[in-house]
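Source file query.pdb; content: PDB, C-alpha atoms.
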```pdb
ATOM      1  CA  SER A  15       0.000   0.000   0.000  1.00  0.00           C
ATOM      2  CA  LEU A  16       2.879   2.346   0.838  1.00  0.00           C
ATOM      3  CA  ALA A  17       4.547   1.487  -2.481  1.00  0.00           C
ATOM      4  CA  GLU A  18       1.328   2.263  -4.378  1.00  0.00           C
ATOM      5  CA  THR A  19       0.962   5.585  -2.573  1.00  0.00           C
ATOM      6  CA  LEU A  20       4.582   6.444  -3.361  1.00  0.00           C
ATOM      7  CA  THR A  21       4.148   5.665  -7.034  1.00  0.00           C
ATOM      8  CA  GLU A  22       0.952   7.740  -7.119  1.00  0.00           C
ATOM      9  CA  THR A  23       2.841  10.594  -5.474  1.00  0.00           C
ATOM     10  CA  GLU A  24       5.667  10.217  -7.984  1.00  0.00           C
ATOM     11  CA  LYS A  25       3.174  10.217 -10.858  1.00  0.00           C
ATOM     12  CA  ALA A  26       1.526  13.358  -9.496  1.00  0.00           C
ATOM     13  CA  PHE A  27       4.918  15.040  -9.182  1.00  0.00           C
ATOM     14  CA  GLN A  28       5.868  14.051 -12.711  1.00  0.00           C
ATOM     15  CA  MET A  29       2.574  15.352 -14.091  1.00  0.00           C
ATOM     16  CA  SER A  30       2.967  18.661 -12.261  1.00  0.00           C
ATOM     17  CA  PHE A  31       6.547  18.913 -13.538  1.00  0.00           C
ATOM     18  CA  VAL A  32       5.405  18.267 -17.113  1.00  0.00           C
ATOM     19  CA  SER A  33       2.717  20.955 -16.844  1.00  0.00           C
ATOM     20  CA  MET A  34       5.267  23.349 -15.342  1.00  0.00           C
ATOM     21  CA  THR A  35       7.688  22.578 -18.187  1.00  0.00           C
ATOM     22  CA  GLU A  36       4.963  23.381 -20.713  1.00  0.00           C
ATOM     23  CA  ALA A  37       4.408  26.747 -19.015  1.00  0.00           C
ATOM     24  CA  ILE A  38       8.138  27.426 -19.118  1.00  0.00           C
ATOM     25  CA  VAL A  39       8.277  26.638 -22.841  1.00  0.00           C
ATOM     26  CA  MET A  40       5.323  28.947 -23.522  1.00  0.00           C
ATOM     27  CA  ALA A  41       6.995  31.729 -21.515  1.00  0.00           C
ATOM     28  CA  ILE A  42      10.229  31.268 -23.470  1.00  0.00           C
ATOM     29  CA  GLN A  43       8.292  31.448 -26.762  1.00  0.00           C
ATOM     30  CA  LEU A  44       6.548  34.644 -25.666  1.00  0.00           C
ATOM     31  CA  VAL A  45       9.830  36.228 -24.624  1.00  0.00           C
ATOM     32  CA  SER A  46      11.360  35.159 -27.955  1.00  0.00           C
ATOM     33  CA  PHE A  47       8.609  36.902 -29.919  1.00  0.00           C
ATOM     34  CA  VAL A  48       9.046  40.062 -27.839  1.00  0.00           C
ATOM     35  CA  VAL A  49      12.806  39.965 -28.450  1.00  0.00           C
ATOM     36  CA  ILE A  50      12.255  39.565 -32.201  1.00  0.00           C
ATOM     37  CA  ILE A  51       9.926  42.586 -32.211  1.00  0.00           C
ATOM     38  CA  ILE A  52      12.491  44.639 -30.269  1.00  0.00           C
ATOM     39  CA  ILE A  53      15.246  43.583 -32.674  1.00  0.00           C
ATOM     40  CA  MET A  54      13.015  44.532 -35.593  1.00  0.00           C
ATOM     41  CA  ALA A  55      12.509  47.990 -34.070  1.00  0.00           C
ATOM     42  CA  VAL A  56      16.258  48.431 -33.538  1.00  0.00           C
ATOM     43  CA  VAL A  57      17.100  47.370 -37.096  1.00  0.00           C
ATOM     44  CA  ALA A  58      14.327  49.578 -38.505  1.00  0.00           C
ATOM     45  CA  ASN A  59      15.713  52.508 -36.521  1.00  0.00           C
ATOM     46  CA  THR A  60      19.228  51.781 -37.764  1.00  0.00           C
ATOM     47  CA  MET A  61      18.013  51.631 -41.355  1.00  0.00           C
ATOM     48  CA  ALA A  62      15.996  54.839 -40.913  1.00  0.00           C
ATOM     49  CA  MET A  63      19.086  56.649 -39.595  1.00  0.00           C
ATOM     50  CA  THR A  64      21.372  55.423 -42.376  1.00  0.00           C
ATOM     51  CA  THR A  65      18.771  56.290 -45.003  1.00  0.00           C
ATOM     52  CA  ARG A  66      18.299  59.755 -43.523  1.00  0.00           C
ATOM     53  CA  GLU A  67      22.062  60.325 -43.584  1.00  0.00           C
ATOM     54  CA  ARG A  68      22.306  59.189 -47.203  1.00  0.00           C
ATOM     55  CA  ILE A  69      19.368  61.068 -48.672  1.00  0.00           C
ATOM     56  CA  GLY A  70      21.776  63.328 -50.557  1.00  0.00           C
ATOM     57  CA  GLU A  71      23.543  60.308 -52.024  1.00  0.00           C
ATOM     58  CA  TYR A  72      20.254  58.792 -53.135  1.00  0.00           C
ATOM     59  CA  ALA A  73      19.319  62.122 -54.764  1.00  0.00           C
ATOM     60  CA  ILE A  74      22.611  62.067 -56.679  1.00  0.00           C
ATOM     61  CA  LEU A  75      21.935  58.497 -57.773  1.00  0.00           C
ATOM     62  CA  LYS A  76      18.482  59.561 -58.980  1.00  0.00           C
ATOM     63  CA  THR A  77      20.070  62.474 -60.868  1.00  0.00           C
ATOM     64  CA  MET A  78      22.433  60.035 -62.587  1.00  0.00           C
ATOM     65  CA  GLY A  79      19.469  57.952 -63.750  1.00  0.00           C
ATOM     66  CA  PHE A  80      19.256  55.241 -61.117  1.00  0.00           C
ATOM     67  CA  GLY A  81      15.677  54.248 -60.453  1.00  0.00           C
ATOM     68  CA  GLY A  82      13.718  53.205 -57.424  1.00  0.00           C
ATOM     69  CA  TRP A  83      14.659  49.546 -57.887  1.00  0.00           C
ATOM     70  CA  HIS A  84      18.359  50.404 -57.568  1.00  0.00           C
ATOM     71  CA  ILE A  85      17.775  52.338 -54.361  1.00  0.00           C
ATOM     72  CA  LEU A  86      15.582  49.509 -53.072  1.00  0.00           C
ATOM     73  CA  ALA A  87      18.402  47.055 -53.777  1.00  0.00           C
ATOM     74  CA  LEU A  88      20.929  49.215 -51.903  1.00  0.00           C
ATOM     75  CA  ILE A  89      18.810  49.708 -48.797  1.00  0.00           C
ATOM     76  CA  LEU A  90      17.424  46.175 -48.730  1.00  0.00           C
ATOM     77  CA  GLY A  91      20.905  44.755 -49.273  1.00  0.00           C
ATOM     78  CA  GLU A  92      22.321  46.725 -46.367  1.00  0.00           C
ATOM     79  CA  SER A  93      19.439  45.718 -44.122  1.00  0.00           C
ATOM     80  CA  LEU A  94      19.827  42.051 -45.046  1.00  0.00           C
ATOM     81  CA  VAL A  95      23.587  42.127 -44.471  1.00  0.00           C
ATOM     82  CA  ILE A  96      23.041  43.550 -40.984  1.00  0.00           C
ATOM     83  CA  THR A  97      20.281  41.129 -39.981  1.00  0.00           C
ATOM     84  CA  LEU A  98      21.712  38.010 -41.604  1.00  0.00           C
ATOM     85  CA  THR A  99      25.117  38.667 -40.028  1.00  0.00           C
ATOM     86  CA  GLY A 100      23.435  39.000 -36.643  1.00  0.00           C
ATOM     87  CA  GLY A 101      21.379  35.891 -37.328  1.00  0.00           C
ATOM     88  CA  ALA A 102      24.462  33.897 -38.315  1.00  0.00           C
ATOM     89  CA  LEU A 103      26.290  34.979 -35.160  1.00  0.00           C
ATOM     90  CA  GLY A 104      23.234  34.034 -33.114  1.00  0.00           C
ATOM     91  CA  ILE A 105      23.065  30.593 -34.726  1.00  0.00           C
ATOM     92  CA  ILE A 106      26.779  30.021 -34.172  1.00  0.00           C
ATOM     93  CA  LEU A 107      26.462  30.986 -30.492  1.00  0.00           C
ATOM     94  CA  THR A 108      23.313  28.892 -30.023  1.00  0.00           C
ATOM     95  CA  TYR A 109      25.174  25.600 -29.916  1.00  0.00           C
ATOM     96  CA  PRO A 110      27.655  26.470 -27.135  1.00  0.00           C
ATOM     97  CA  ALA A 111      24.861  28.165 -25.161  1.00  0.00           C
ATOM     98  CA  ALA A 112      22.617  25.127 -25.552  1.00  0.00           C
ATOM     99  CA  ALA A 113      25.454  22.823 -24.479  1.00  0.00           C
ATOM    100  CA  ILE A 114      26.061  24.879 -21.331  1.00  0.00           C
ATOM    101  CA  PHE A 115      22.313  25.078 -20.634  1.00  0.00           C
ATOM    102  CA  GLY A 116      21.891  21.347 -21.153  1.00  0.00           C
ATOM    103  CA  HIS A 117      24.859  20.556 -18.911  1.00  0.00           C
ATOM    104  CA  LYS A 118      23.742  22.832 -16.064  1.00  0.00           C
ATOM    105  CA  LEU A 119      20.128  21.619 -16.141  1.00  0.00           C
ATOM    106  CA  SER A 120      20.764  17.979 -16.979  1.00  0.00           C
ATOM    107  CA  ASN A 121      18.778  16.896 -13.891  1.00  0.00           C
ATOM    108  CA  PHE A 122      15.638  18.591 -15.213  1.00  0.00           C
ATOM    109  CA  PHE A 123      16.206  18.234 -18.959  1.00  0.00           C
ATOM    110  CA  PRO A 124      18.163  15.020 -19.593  1.00  0.00           C
ATOM    111  CA  ILE A 125      17.942  15.496 -23.356  1.00  0.00           C
ATOM    112  CA  PHE A 126      18.481  19.027 -24.625  1.00  0.00           C
ATOM    113  CA  HIS A 127      19.549  19.647 -28.181  1.00  0.00           C
ATOM    114  CA  VAL A 128      18.951  22.244 -30.881  1.00  0.00           C
ATOM    115  CA  GLU A 129      16.939  20.911 -33.798  1.00  0.00           C
ATOM    116  CA  LEU A 130      17.677  21.838 -37.388  1.00  0.00           C
ATOM    117  CA  LYS A 131      14.163  23.303 -37.561  1.00  0.00           C
ATOM    118  CA  THR A 132      15.273  25.939 -35.041  1.00  0.00           C
ATOM    119  CA  VAL A 133      18.145  26.994 -37.276  1.00  0.00           C
ATOM    120  CA  TYR A 134      15.760  27.309 -40.240  1.00  0.00           C
ATOM    121  CA  LEU A 135      13.378  29.409 -38.151  1.00  0.00           C
ATOM    122  CA  ASP A 136      16.294  31.625 -37.078  1.00  0.00           C
ATOM    123  CA  CYS A 137      17.254  32.182 -40.714  1.00  0.00           C
ATOM    124  CA  ALA A 138      13.661  32.948 -41.656  1.00  0.00           C
ATOM    125  CA  ALA A 139      13.297  35.391 -38.756  1.00  0.00           C
ATOM    126  CA  ALA A 140      16.522  37.208 -39.712  1.00  0.00           C
ATOM    127  CA  LEU A 141      15.365  37.446 -43.325  1.00  0.00           C
ATOM    128  CA  LEU A 142      11.917  38.683 -42.316  1.00  0.00           C
ATOM    129  CA  VAL A 143      13.321  41.284 -39.918  1.00  0.00           C
ATOM    130  CA  GLY A 144      15.715  42.536 -42.609  1.00  0.00           C
ATOM    131  CA  VAL A 145      12.994  42.915 -45.217  1.00  0.00           C
ATOM    132  CA  ILE A 146      10.470  44.569 -42.901  1.00  0.00           C
ATOM    133  CA  ALA A 147      13.075  46.941 -41.456  1.00  0.00           C
ATOM    134  CA  ALA A 148      13.986  48.159 -44.962  1.00  0.00           C
ATOM    135  CA  LEU A 149      10.443  48.915 -46.149  1.00  0.00           C
ATOM    136  CA  VAL A 150       9.797  52.351 -44.624  1.00  0.00           C
ATOM    137  CA  PRO A 151      13.299  53.786 -45.222  1.00  0.00           C
ATOM    138  CA  THR A 152      13.173  52.592 -48.823  1.00  0.00           C
ATOM    139  CA  ARG A 153       9.834  54.252 -49.373  1.00  0.00           C
ATOM    140  CA  ARG A 154      11.179  57.534 -47.982  1.00  0.00           C
ATOM    141  CA  ALA A 155      14.348  57.387 -50.071  1.00  0.00           C
ATOM    142  CA  ILE A 156      12.473  56.599 -53.271  1.00  0.00           C
ATOM    143  CA  GLY A 157       9.799  59.208 -52.621  1.00  0.00           C
ATOM    144  CA  ILE A 158      12.082  62.173 -51.934  1.00  0.00           C
ATOM    145  CA  ARG A 159      12.414  64.690 -54.726  1.00  0.00           C
ATOM    146  CA  ILE A 160      15.880  65.206 -56.186  1.00  0.00           C
ATOM    147  CA  ALA A 161      15.980  68.902 -55.289  1.00  0.00           C
ATOM    148  CA  ASP A 162      15.047  68.199 -51.660  1.00  0.00           C
ATOM    149  CA  GLY A 163      17.717  65.536 -51.429  1.00  0.00           C
ATOM    150  CA  LEU A 164      20.382  67.748 -52.939  1.00  0.00           C
ATOM    151  CA  ARG A 165      19.619  70.519 -50.412  1.00  0.00           C
ATOM    152  CA  ARG A 166      20.831  68.232 -47.647  1.00  0.00           C
ATOM    153  CA  ILE A 167      24.335  67.951 -49.118  1.00  0.00           C
ATOM    154  CA  GLY A 168      27.020  70.100 -47.553  1.00  0.00           C
TER     155      GLY A 168
END
```
Let me see the file written as structure tokens.
Amino acid sequence: SLAETLTETEKAFQMSFVSMTEAIVMAIQLVSFVVIIIIMAVVANTMAMTTRERIGEYAILKTMGFGGWHILALILGESLVITLTGGALGIILTYPAAAIFGHKLSNFFPIFHVELKTVYLDCAAALLVGVIAALVPTRRAIGIRIADGLRRIG
């Protein structure tokens, strides 16, 4: 009878631990989405500042006959280089961080590894952040009149 009670207690503990683990995973996912939104805001701000500083250069490019697609390619390319470089560094640092995390919490999480799906999602998030962050600055740079852009030089 004592053995049955102990196993029931163990089962109850395991079930409560599993439900707690699910809550932890959901909290980590929520925090991850918030971090992605914050990173998107930072990258968008960076792109807005660089576009604002280069308005004169974009006006000169327009004067020389470069169209909106060329300016889009420049701004989008810069945004993607920034975000994909950050994403690549994050992916590279994920594996040592996961190994340390898995080692320190091996009592609670006996199996802890990073799936390939996570790496693909990281790449997709970096790409998405880069594209979205470049949209508004590109629209401003393409929409500015040449004369207004040239006034900012000097």
Can you translate the PyMOL selection byres ((chain A and resi 67-72) around 10) into the concrete residues it hits in this file, as an mmCIF file with C-alpha atoms, keeping the file's coordinate frame?
```cif
data_model
loop_
_atom_site.group_PDB
_atom_site.id
_atom_site.type_symbol
_atom_site.label_atom_id
_atom_site.label_comp_id
_atom_site.auth_asym_id
_atom_site.auth_seq_id
_atom_site.Cartn_x
_atom_site.Cartn_y
_atom_site.Cartn_z
ATOM 1 C CA MET A 61 18.013 51.631 -41.355
ATOM 2 C CA ALA A 62 15.996 54.839 -40.913
ATOM 3 C CA MET A 63 19.086 56.649 -39.595
ATOM 4 C CA THR A 64 21.372 55.423 -42.376
ATOM 5 C CA THR A 65 18.771 56.290 -45.003
ATOM 6 C CA ARG A 66 18.299 59.755 -43.523
ATOM 7 C CA ALA A 73 19.319 62.122 -54.764
ATOM 8 C CA ILE A 74 22.611 62.067 -56.679
ATOM 9 C CA LEU A 75 21.935 58.497 -57.773
ATOM 10 C CA LYS A 76 18.482 59.561 -58.980
ATOM 11 C CA THR A 77 20.070 62.474 -60.868
ATOM 12 C CA MET A 78 22.433 60.035 -62.587
ATOM 13 C CA PHE A 80 19.256 55.241 -61.117
ATOM 14 C CA GLY A 81 15.677 54.248 -60.453
ATOM 15 C CA GLY A 82 13.718 53.205 -57.424
ATOM 16 C CA HIS A 84 18.359 50.404 -57.568
ATOM 17 C CA ILE A 85 17.775 52.338 -54.361
ATOM 18 C CA LEU A 88 20.929 49.215 -51.903
ATOM 19 C CA ARG A 154 11.179 57.534 -47.982
ATOM 20 C CA ALA A 155 14.348 57.387 -50.071
ATOM 21 C CA ILE A 156 12.473 56.599 -53.271
ATOM 22 C CA ILE A 158 12.082 62.173 -51.934
ATOM 23 C CA ARG A 159 12.414 64.690 -54.726
ATOM 24 C CA ILE A 160 15.880 65.206 -56.186
ATOM 25 C CA ALA A 161 15.980 68.902 -55.289
ATOM 26 C CA ASP A 162 15.047 68.199 -51.660
ATOM 27 C CA GLY A 163 17.717 65.536 -51.429
ATOM 28 C CA LEU A 164 20.382 67.748 -52.939
ATOM 29 C CA ARG A 165 19.619 70.519 -50.412
ATOM 30 C CA ARG A 166 20.831 68.232 -47.647
ATOM 31 C CA ILE A 167 24.335 67.951 -49.118
ATOM 32 C CA GLY A 168 27.020 70.100 -47.553
#
```
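For the structure shown here, the set of residues caught by the PyMOL selection byres ((chain A and resi 47-51) around 12) is Met40, Ala41, Ile42, Gln43, Leu44, Val45, Ser46, Ile52, Ile53, Met54, Ala55, Val56, Val57, Ala58, Thr97, Gly101, Leu135, Asp136, Ala138, Ala139, Ala140, Leu141, Leu142, Val143, Gly144, Ile146 and Ala147 of chain A.
Taking atom CA of Val145 of chain A and atom CA of Ile96 of chain A as the two end points, the separation is 10.9 Å.
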Do you have the atom CA of His127 of chain A-atom CA of Ala37 of chain A distance handy?
19.1 Å
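Nearest to Lys131 of chain A of all the residues A:Leu94, A:Leu149, A:Ile89, A:Ile105 is A:Ile105, counting only C-alpha atoms.
The spacing separating atom CA of Asn59 of chain A from atom CA of Gly79 of chain A amounts to 28.0 Å.
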Taking into account all atoms listed in the file, which residue in the set A:Glu36, A:Thr60, A:Gly157, A:Glu22 is nearest to Glu92 of chain A?
A:Thr60
Excluding Ala111 of chain A and any residue of its chain fewer than 5 positions from it, enumerate the residues within 12 Å of it, using all atoms listed in the file, and give them as a list in words.
Gly104, Ile105, Ile106, Gly116, His117, Lys118, Phe126, His127 and Val128 of chain A
Put a box with edges along x, y and z around all the listed atoms of segment 94-106 of chain A, pad it by 3 Å on each side, then give me its centre and sizes in Å, one decimal, as lines of an AutoDock Vina configuration file.
```
center_x = 23.3
center_y = 36.8
center_z = -39.1
size_x = 13.0
size_y = 19.5
size_z = 17.9
```
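Distances to Val133 of chain A were evaluated for A:Val95, A:Met34, A:Leu107, A:Val39 using all atoms listed in the file, and the minimum falls at A:Leu107.
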Rank nothing, just name the residue among A:Ser120, A:Thr152, A:Thr132, A:Thr35 nearest to Gly91 of chain A, using all atoms listed in the file.
A:Thr152
